[in-house]
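Student: What follows is a single structure, and I will ask about it in a moment.
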Amino acid sequence: MIFHRLFGSDDTTQPTTAAPSAPPETVPGETETVRRIVASLEAMPPDRARYLAGFAYILSRAAEADMDISTSETGAMERIIVEYGGLTEAQAVIVVEIAKTQARLQGGTEDFLVTREFTRLATEEQRLALMRCCFIVAAHDAITAAESAVLSEIANELNLDDQQIAGIRGEFTDQFAAVQAMRANLHP
């Protein structure tokens with residue numbers, strides 16, 4: 001299933017060719033379009049699928065830091081996955097929904113494990129791009145203190161140094177809820 005393909009283990013001992021199988025099981029309410037999208041995601045090379053799955057999961061982790069993934073954050077994640085992942089909009093919707101569900105259900109240790117795996121797969125440039133994308137997602141509804149703390153955890157787990165983190169934070173200064181509140185109090 002697509003879940004195992006995107007979020008599956010690193011077990012490379014599995015055969016690369018699949019044995020003939022029974023026709024795909026039809027799920028009530030599933031359309032031909034959904035089946036085509038799932039098939040195209042399953043056709044991705046495993047490393048690319050893992051990279052995109054990790055990217056989407058970490059975005060979801062940033063969005064869920066305040067215990068709520070808003071519609072605007074979901075839309076931002078979908079646009080980012082289309083742009084950075086090279087997926088169609090329909091594929092991005094599926095990937096983001098899977099990532100959101102997993103971030104809500106797993107959390108804790110899984111957050112660290114997924115981020116560590118992504119760090120292993122990604123270049124420094126890709127890790128910086130992901131961090132910037134996490135800020136974009138969090139900034140859609142103003143960056144709260146809880147989101148700021150999670151963004152710091154993610155940055156540390158991505159092995160980004162303090163200067164890199166400060167540079168990205170500086171780009172989003174106006175999006176921090178505390179800064180917005182302070183400015184509102186200065187100019188009532």
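Lettering and numbering for the structure tokens are positional, with chains as A, B, ... in the shown order, residues counted from 1 in each chain, and ligands counted from 1 in the shown order.
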Residues at most 7 Å from segment 127-136 of chain A, counting only C-alpha atoms, excluding those fewer than 3 positions away in the same chain, as number ranges by chain?
Tutor: A: 55, 59, 62, 119, 122-124, 139-140, 155, 158, 168
Student: For those residues, write C-alpha atoms to a file as a PDB file, in the first residue's frame.
Tutor:
ATOM      1  CA  PHE A  55       9.776  16.258   3.785  1.00  0.00           C
ATOM      2  CA  LEU A  59       6.185  20.014   7.351  1.00  0.00           C
ATOM      3  CA  ALA A  62       5.794  22.107  12.069  1.00  0.00           C
ATOM      4  CA  THR A 119      18.856  14.417   7.485  1.00  0.00           C
ATOM      5  CA  ALA A 122      19.272  15.220   2.283  1.00  0.00           C
ATOM      6  CA  THR A 123      22.039  17.626   1.416  1.00  0.00           C
ATOM      7  CA  GLU A 124      22.648  20.699   3.559  1.00  0.00           C
ATOM      8  CA  ALA A 139       3.826  31.575   9.468  1.00  0.00           C
ATOM      9  CA  HIS A 140       0.463  31.083   7.769  1.00  0.00           C
ATOM     10  CA  ALA A 155      16.416  22.771  13.045  1.00  0.00           C
ATOM     11  CA  LEU A 158      18.401  18.684  10.812  1.00  0.00           C
ATOM     12  CA  ILE A 168      16.040  31.783   8.592  1.00  0.00           C
TER      13      ILE A 168
END
Student: Grab the atom CA of Arg104 of chain A to atom CA of Glu64 of chain A distance for me, in Å with one decimal place.
Tutor: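 Atom CA of Glu64 of chain A lies 7.5 Å from atom CA of Arg104 of chain A.
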Student: For Tyr57 of chain A, which residue among A:Ile154, A:Ala99, A:Met77, A:Ala184 is the nearest when counting only C-alpha atoms?
Tutor: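 Closest residue, counting only C-alpha atoms: A:Ala99.
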Student: Between A:Ile80, A:Ala63, A:Ile143, A:Leu87, which has the minimum distance to Arg48 of chain A (counting only C-alpha atoms)?
Tutor: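 Smallest distance to Arg48 of chain A is found for A:Leu87.
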Student: Do a neighbour search on segment 106-108 of chain A at 12 Å with only C-alpha atoms, toss out local chain neighbours closer than 6 positions, and write the hits as an MDAnalysis selection string.
Tutor: chainID A and resid 7 57:58 60:62 64:65 67 98:100 114:115 150 153
Student: Of the residues A:Met44, A:Ala181, A:Ala138, A:Leu186, which is the one nearest to Arg169 of chain A, using only C-alpha atoms?
Tutor: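 Ranking A:Met44, A:Ala181, A:Ala138, A:Leu186 by distance to Arg169 of chain A, first place goes to A:Ala138.
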